[in-house]
Structures are given as C-alpha cells and as structure tokens.
Amino acid sequence: MTMRVAIKLTALTLLSATPAFAADEPATPEPVTTASQPEDTSVTEALADPVAVVKAPERITPDESLQRHQAIPAQLALFQRSSEVVPLLANETAFYGLFIQERSGFPQGGTLLLHDQGQHGQWPVPTGMLREQLPDLGWATLAIELPDPPPAPLPPTSLYLDASSTNKDSAASGAGDTPAATAEAADNASSAHDNNPNNNQNTNPNDQKKDDSTTTTTLATTDAKVAIPPEPNTFDPTLAREPPLPQLTPLPALKTDANPSAVTAIEGQQASAYEQAQQQHRQQVVERIRQGIQYLKSRGQLNLVVIASGSSASWASQWLNEVSRINADGKAERGLALILIDARESSATKIPLPQQLLQLAVPVFDVITDANQLSATQLRQRAGLMRHNKRAHYQQFFLSGPIALADEHNALTRRIRGWLKSNAAGTRLSQR
C-alpha cells in the first residue's frame with residue numbers, strides 16, 4: 001500500500017513540474033534598431049557586385065638595377081662607413097661613387113673602378129676587392145655606379161586574321177572548285193562515312209552474323225581447297241574498332257604574312273627606339289666616367305688609372321680614346337693608364353673592343369682569369385692584333401687559380417701592383 005502511494009505522489013510531482021520547465025524557456029528576442037547608427041550598406045553592395053570586390057592588382061615591374069645599387073649605401077651605413085659614399089651628377093642624373101683615400105703614406109695616384117654589367121661597386125671580385133686593398137698600396141680608389149644597357153626589343157608578335165575574313169577566303173576558294181573535284185570530295189566523304197563504326201551502331205547484330213555466314217558458305221562452296229588470304233596493306237576500321245583519324249584543317253592565316261609592310265614598319269619603329277635608348281646609354285656611361293675622373297682630380301689625384309671589369313672595358317677604352325693626347329715623340333702623355341680584367345664586348349658599343357684597344361696609346365694591362373667568358377681563340381687574336389701593329393705598351397697576362405678575397409697579397413692584387421709600379425707609378429708633388 002505504501003509503495004502505491006509513493007508511485008502516485010511521484011507521478012503527480014512530475015506532472016506539476018512539466019509546465020514549470022516550459023515556462024523557464026527564454027523567449028525569442030526581438031530585433032532592436034537604433035536610429036542614431038546608420039545602416040552599413042558597403043558589405044551589401046560588395047556582395048551584390050562581385051566585380052567590385054575582386055580588382056586586378058596593378059602590375060609593377062621591379063627595377064633590379066636600381067634596387068641593386070641602392071642597397072650598397074644602406075649596407076655601408078650598417079658598418080659606419082657612410083663617409084665613403086660621395087654624390088655625383090652626370091647629365092642632371094644623380095648617382096654615387098665609393099671613395100677611399102690611400103692609407104700607405106706614399107701616394108701613387110688614383111684609380112677609377114668600373115664594375116661589370118649586372119654588378120655594383122662593392123662586388124666581391126674583382127671590384128670590391130681592389131677597392132679595399134689598393135689604398136694600402138698607395139692608390140686612392142673610386143668605384144662609380146654604372147647603369148645597365150637597355151634590353152633588346154622583342155620580335156613582332158604574329159597576329160591572326162579575323163574569323164570573318166578567313167570565312168570569306170574559304171568561301172571564295174570553294175566557289176572556284178570544278179565539278180570533278182566536288183565529286184571526288186563527295187566520294188571521299190561517303191567512304192569515310194562508311195568506314196566510321198559510329199555510323200553502324202544502330203544495325204542489327206543478327207543481320208551482321210547472317211552476312212558473315214553467307215560469305216563464308218559462298219567461299220567454301222566455290223573452292224573448298226583454296227584459302228583466300230587477306231589483301232596486303234589493307235586496313236578495315238570496323239575490324240580494329242578504331243575510328244578514322246580526323247581530317248586536318250588549315251590553320252588561320254597570319255596577319256604578318258598577309259601584310260609584310262606592317263611587319264617592316266613595326267620592326268623599324270622598334271629598331272629606332274632601341275638605337276635611341278643605346279645612344280642615351282652610351283652618353284650616360286661616358287659622362288659618368290668623366291665625372292668620376294673629375295672627382296679624383298678634385299681630390300689632388302693627377303696620376304690616374306682606369307680599372308675596367310667585363311663589359312665596362314669598352315666604355316673605358318672609348319673614353320680614353322677621347323681624352324688621351326700624343327706628345328712630340330709619338331707617345332701618350334703620362335698620367336693615364338688602363339687595366340682590363342676579363343674584358344669583353346658590350347652590347348651597346350659600336351666599335352669592337354680590339355679596334356678600340358688598337359687606337360689607344362696609353363699603357364694597357366689585359367688580365368685574364370679563370371672567370372673569363374671568351375674563348376682561347378678570341379684572346380689569342382686580340383693579343384696577336386696588338387703585336388702585329390707594334391703596340392709595345394699592351395701586355396696580356398693569364399692568371400690561373402683561385403683568388404683569395406681577404407688577403408691583400410693575392411695573385412691578382414700582386415700582379416696589378418707590380419704592373420702599376422713599373423708602368424703607371426706617380427710621384428708626390430711638393431706643396432707650395
């Protein structure tokens with residue numbers, strides 16, 4: 001009895017508690033609008049117009065030459081060497097040079113260092129190495145910044161004719177066909193249609209079996225002892241279950257082929273623009289060399305040597321041909337010399353390097369290292385041309401083996417120091 005009463009009391013308690021749980025459920029909050037805050041419609045407009053959301057980024061081509069040269073003053077500033085950077089100006093274009101005064105106490109002169117294409121004045125070998133080591137041997141150094149030559153123009157792109165003109169040409173060619181050619185084309189089309197297995201997909205396989213059995217019976221009754229072999233060099237696409245190859249269609253005509261005069265005009269414009277860019281590059285490089293020499297003279301350096309690496313040899317030779325003078329004895333006046341390190345042609349010069357060296361009367365030291373990019377034949381021809389024309393002031397030297405960067409007594413520096421002492425050493429003028 002007591003158990004039944006307990007069960008009834010538990011049931012009544014659960015029934016009375018059910019509405020209480022329902023009442024405790026939170027009601028759905030109503031949206032609250034604030035009149036003071038305006039509704040933001042930018043997101044809605046952006047979603048409505050997807051083109052406005054995704055915009056093509058601006059295409060910017062980095063100037064590698066400018067970035068390469070601008071990094072050198074920043075790198076020297078990290079080592080408290082900003083005093084070596086000197087501002088220069090050539091044809092209203094600002095550039096910089098890296099100057100180090102001689103540190104030996106016995107000044108011999110000044111050297112103008114010209115780096116190779118794609119390098120800078122602090123390039124480890126050979127420009128940066130000589131710039132750091134020659135001041136300990138009595139030579140002040142100035143490495144100037146040289147611009148890269150303009151890139152060669154690309155050939156004109158082939159442009160296709162419009163589809164309308166291509167259709168007109170095909171229609172005109174089809175209108176002039178003869179009836180015999182038309183009939184032959186129709187026969188070829190019908191044979192291709194018969195050989196296509198896709199055209200026989202709806203045929204009854206029972207009919208095909210009947211045809212095969214009939215053919216076999218006919219051959220057997222005609223001659224049961226003779227077997228008929230298949231004809232050689234025959235191909236039946238239906239047996240191989242492979243579709244025939246599609247017929248080749250001619251490519252659309254090129255606009256450049258249709259109008260050669262337009263191509264000639266484009267090439268002429270590109271050649272003219274490229275020649276103008278090369279002319280500006282030549283003037284700019286020669287003027288920078290002239291300003292570098294002028295700066296060395298302003299620092300009291302009257303005995304000057306130009307050290308050119310790689311393609312800058314052409315620019316150094318061109319400038320020396322313009323400024324060098326011949327005395328009464330037929331020799332060049334003292335105070336100028338040229339050192340070449342792995343010299344080669346520049347793409348922007350008109351006169352070949354051997355011809356420029358042949359016209360020079362100043363002492364020339366042509367150093368060839370393992371990093372040289374010319375062949376042995378080209379180097380031998382350059383030296384032979386100078387010997388053939390009795391240029392005794394020219395000397396070519398082959399330097400083999402690695403070059404130590406940190407040692408001022410490395411092979412390259414020792415050879416240059418010895419040649420300078422014998423051919424271009426200066427004397428210190430007394431100050432009055």
# chains A, B, ... in the order shown; residues from 1 in each chain; ligands from 1
>>> residues_around(residues="range 137-145 of chain A", least_positions_apart="4", cutoff="10 Å", atoms="only C-alpha atoms", output="VMD selection string")
chain A and resid 69 84 to 88 95 to 115 119 to 122 127 to 128 130 to 133 285 288 to 289 291 to 293 295 to 296 299 301 303 to 307 408 413 417 420 425 to 426
>>> select_by_dssp(residues="range 81-124 of chain A", states="helix (DSSP H, G or I)", output="ChimeraX atom specification")
/A:82-84,124
>>> write_last_selection(atoms="all heavy atoms", output="PDB file, in the first residue's frame")
ATOM      1  N   SER A  82      79.444  55.362 -44.050  1.00  0.00           N
ATOM      2  CA  SER A  82      78.690  56.221 -44.966  1.00  0.00           C
ATOM      3  C   SER A  82      79.542  57.336 -45.540  1.00  0.00           C
ATOM      4  O   SER A  82      79.186  57.926 -46.579  1.00  0.00           O
ATOM      5  CB  SER A  82      77.477  56.818 -44.250  1.00  0.00           C
ATOM      6  OG  SER A  82      76.599  55.796 -43.805  1.00  0.00           O
ATOM      7  N   SER A  83      80.677  57.667 -44.905  1.00  0.00           N
ATOM      8  CA  SER A  83      81.540  58.731 -45.423  1.00  0.00           C
ATOM      9  C   SER A  83      82.184  58.355 -46.749  1.00  0.00           C
ATOM     10  O   SER A  83      82.669  59.237 -47.473  1.00  0.00           O
ATOM     11  CB  SER A  83      82.623  59.062 -44.395  1.00  0.00           C
ATOM     12  OG  SER A  83      83.405  57.900 -44.102  1.00  0.00           O
ATOM     13  N   GLU A  84      82.218  57.069 -47.084  1.00  0.00           N
ATOM     14  CA  GLU A  84      82.807  56.648 -48.355  1.00  0.00           C
ATOM     15  C   GLU A  84      81.888  56.923 -49.543  1.00  0.00           C
ATOM     16  O   GLU A  84      82.357  56.929 -50.680  1.00  0.00           O
ATOM     17  CB  GLU A  84      83.140  55.154 -48.301  1.00  0.00           C
ATOM     18  CG  GLU A  84      84.129  54.779 -47.219  1.00  0.00           C
ATOM     19  CD  GLU A  84      84.392  53.284 -47.158  1.00  0.00           C
ATOM     20  OE1 GLU A  84      83.892  52.581 -48.080  1.00  0.00           O
ATOM     21  OE2 GLU A  84      85.060  52.819 -46.223  1.00  0.00           O
ATOM     22  N   PRO A 124      82.234  41.513 -54.851  1.00  0.00           N
ATOM     23  CA  PRO A 124      83.407  40.916 -54.193  1.00  0.00           C
ATOM     24  C   PRO A 124      84.644  40.809 -55.072  1.00  0.00           C
ATOM     25  O   PRO A 124      85.740  41.211 -54.675  1.00  0.00           O
ATOM     26  CB  PRO A 124      82.892  39.542 -53.749  1.00  0.00           C
ATOM     27  CG  PRO A 124      81.417  39.710 -53.624  1.00  0.00           C
ATOM     28  CD  PRO A 124      81.015  40.685 -54.672  1.00  0.00           C
TER      29      PRO A 124
END
>>> residues_around(residues="range 354-361 of chain A", least_positions_apart="6", cutoff="9 Å", atoms="only C-alpha atoms", output="PDB file with N, CA and C atoms, in the first residue's frame")
ATOM      1  N   SER A 314      84.862  48.293 -72.738  1.00  0.00           N
ATOM      2  CA  SER A 314      84.561  49.052 -73.958  1.00  0.00           C
ATOM      3  C   SER A 314      84.355  50.525 -73.635  1.00  0.00           C
ATOM      4  N   SER A 317      87.774  52.156 -72.752  1.00  0.00           N
ATOM      5  CA  SER A 317      88.580  52.374 -73.949  1.00  0.00           C
ATOM      6  C   SER A 317      88.045  53.541 -74.773  1.00  0.00           C
ATOM      7  N   GLN A 318      86.718  53.651 -74.878  1.00  0.00           N
ATOM      8  CA  GLN A 318      86.136  54.753 -75.632  1.00  0.00           C
ATOM      9  C   GLN A 318      86.470  56.092 -75.002  1.00  0.00           C
ATOM     10  N   LEU A 320      89.051  56.812 -72.993  1.00  0.00           N
ATOM     11  CA  LEU A 320      90.482  57.088 -73.107  1.00  0.00           C
ATOM     12  C   LEU A 320      90.860  57.518 -74.515  1.00  0.00           C
ATOM     13  N   ASN A 321      90.205  56.986 -75.523  1.00  0.00           N
ATOM     14  CA  ASN A 321      90.470  57.429 -76.889  1.00  0.00           C
ATOM     15  C   ASN A 321      90.071  58.877 -77.103  1.00  0.00           C
ATOM     16  N   SER A 324      92.948  60.987 -74.331  1.00  0.00           N
ATOM     17  CA  SER A 324      94.404  60.793 -74.353  1.00  0.00           C
ATOM     18  C   SER A 324      95.032  61.660 -75.440  1.00  0.00           C
ATOM     19  N   ARG A 325      96.226  62.163 -75.149  1.00  0.00           N
ATOM     20  CA  ARG A 325      96.968  63.036 -76.074  1.00  0.00           C
ATOM     21  C   ARG A 325      98.313  62.408 -76.410  1.00  0.00           C
ATOM     22  N   ILE A 326      98.796  62.717 -77.593  1.00  0.00           N
ATOM     23  CA  ILE A 326     100.074  62.203 -78.074  1.00  0.00           C
ATOM     24  C   ILE A 326     101.090  63.350 -78.036  1.00  0.00           C
ATOM     25  N   GLY A 330     105.463  60.924 -80.256  1.00  0.00           N
ATOM     26  CA  GLY A 330     104.503  59.935 -80.727  1.00  0.00           C
ATOM     27  C   GLY A 330     104.002  59.017 -79.637  1.00  0.00           C
ATOM     28  N   LYS A 331     104.240  59.362 -78.383  1.00  0.00           N
ATOM     29  CA  LYS A 331     103.778  58.559 -77.261  1.00  0.00           C
ATOM     30  C   LYS A 331     102.708  59.311 -76.485  1.00  0.00           C
ATOM     31  N   ALA A 332     101.936  58.552 -75.738  1.00  0.00           N
ATOM     32  CA  ALA A 332     100.883  59.168 -74.935  1.00  0.00           C
ATOM     33  C   ALA A 332     101.497  59.894 -73.740  1.00  0.00           C
ATOM     34  N   GLU A 333     100.899  61.013 -73.374  1.00  0.00           N
ATOM     35  CA  GLU A 333     101.366  61.749 -72.214  1.00  0.00           C
ATOM     36  C   GLU A 333     101.142  60.937 -70.951  1.00  0.00           C
ATOM     37  N   GLN A 381      93.667  36.088 -80.647  1.00  0.00           N
ATOM     38  CA  GLN A 381      93.531  37.049 -81.747  1.00  0.00           C
ATOM     39  C   GLN A 381      93.684  38.484 -81.255  1.00  0.00           C
ATOM     40  N   ARG A 382      93.173  38.784 -80.067  1.00  0.00           N
ATOM     41  CA  ARG A 382      93.303  40.149 -79.542  1.00  0.00           C
ATOM     42  C   ARG A 382      94.761  40.492 -79.258  1.00  0.00           C
ATOM     43  N   ALA A 383      95.482  39.571 -78.644  1.00  0.00           N
ATOM     44  CA  ALA A 383      96.897  39.826 -78.381  1.00  0.00           C
ATOM     45  C   ALA A 383      97.704  39.859 -79.676  1.00  0.00           C
ATOM     46  N   LEU A 385      96.672  40.826 -82.621  1.00  0.00           N
ATOM     47  CA  LEU A 385      96.421  42.086 -83.325  1.00  0.00           C
ATOM     48  C   LEU A 385      97.279  43.209 -82.761  1.00  0.00           C
ATOM     49  N   MET A 386      97.455  43.237 -81.443  1.00  0.00           N
ATOM     50  CA  MET A 386      98.281  44.278 -80.843  1.00  0.00           C
ATOM     51  C   MET A 386      99.754  44.084 -81.189  1.00  0.00           C
ATOM     52  N   ASN A 389     100.521  45.145 -84.852  1.00  0.00           N
ATOM     53  CA  ASN A 389     100.592  46.596 -85.065  1.00  0.00           C
ATOM     54  C   ASN A 389     101.634  47.266 -84.178  1.00  0.00           C
ATOM     55  N   ARG A 391     102.229  47.384 -80.928  1.00  0.00           N
ATOM     56  CA  ARG A 391     101.790  48.103 -79.736  1.00  0.00           C
ATOM     57  C   ARG A 391     102.540  47.532 -78.536  1.00  0.00           C
ATOM     58  N   HIS A 393     103.070  48.905 -75.730  1.00  0.00           N
ATOM     59  CA  HIS A 393     102.503  49.298 -74.434  1.00  0.00           C
ATOM     60  C   HIS A 393     101.406  48.340 -73.974  1.00  0.00           C
ATOM     61  N   TYR A 394     101.053  47.352 -74.794  1.00  0.00           N
ATOM     62  CA  TYR A 394      99.999  46.401 -74.445  1.00  0.00           C
ATOM     63  C   TYR A 394     100.632  45.124 -73.909  1.00  0.00           C
TER      64      TYR A 394
END
>>> atom_distance(atom1="CA of Asp63 in chain A", atom2="CA of Ala308 in chain A")
24.2 Å
>>> closest_residue(among="A:Ile403, A:Ala392, A:Ala411, A:Ala337", to="Pro363 in chain A", atoms="only C-alpha atoms")
A:Ala337
>>> atom_distance(atom1="CA of Ala316 in chain A", atom2="CA of Ala343 in chain A")
10.6 Å
>>> closest_residue(among="A:Gln117, A:Thr349, A:Gln70, A:Gln75", to="Gln283 in chain A", atoms="only C-alpha atoms")
A:Thr349
>>> atom_distance(atom1="CA of Ala77 in chain A", atom2="CA of Pro149 in chain A")
28.3 Å
>>> select_by_dssp(residues="range 283-327 of chain A", states="strand (DSSP E)", output="NGL selection string")
:A and (304-309)
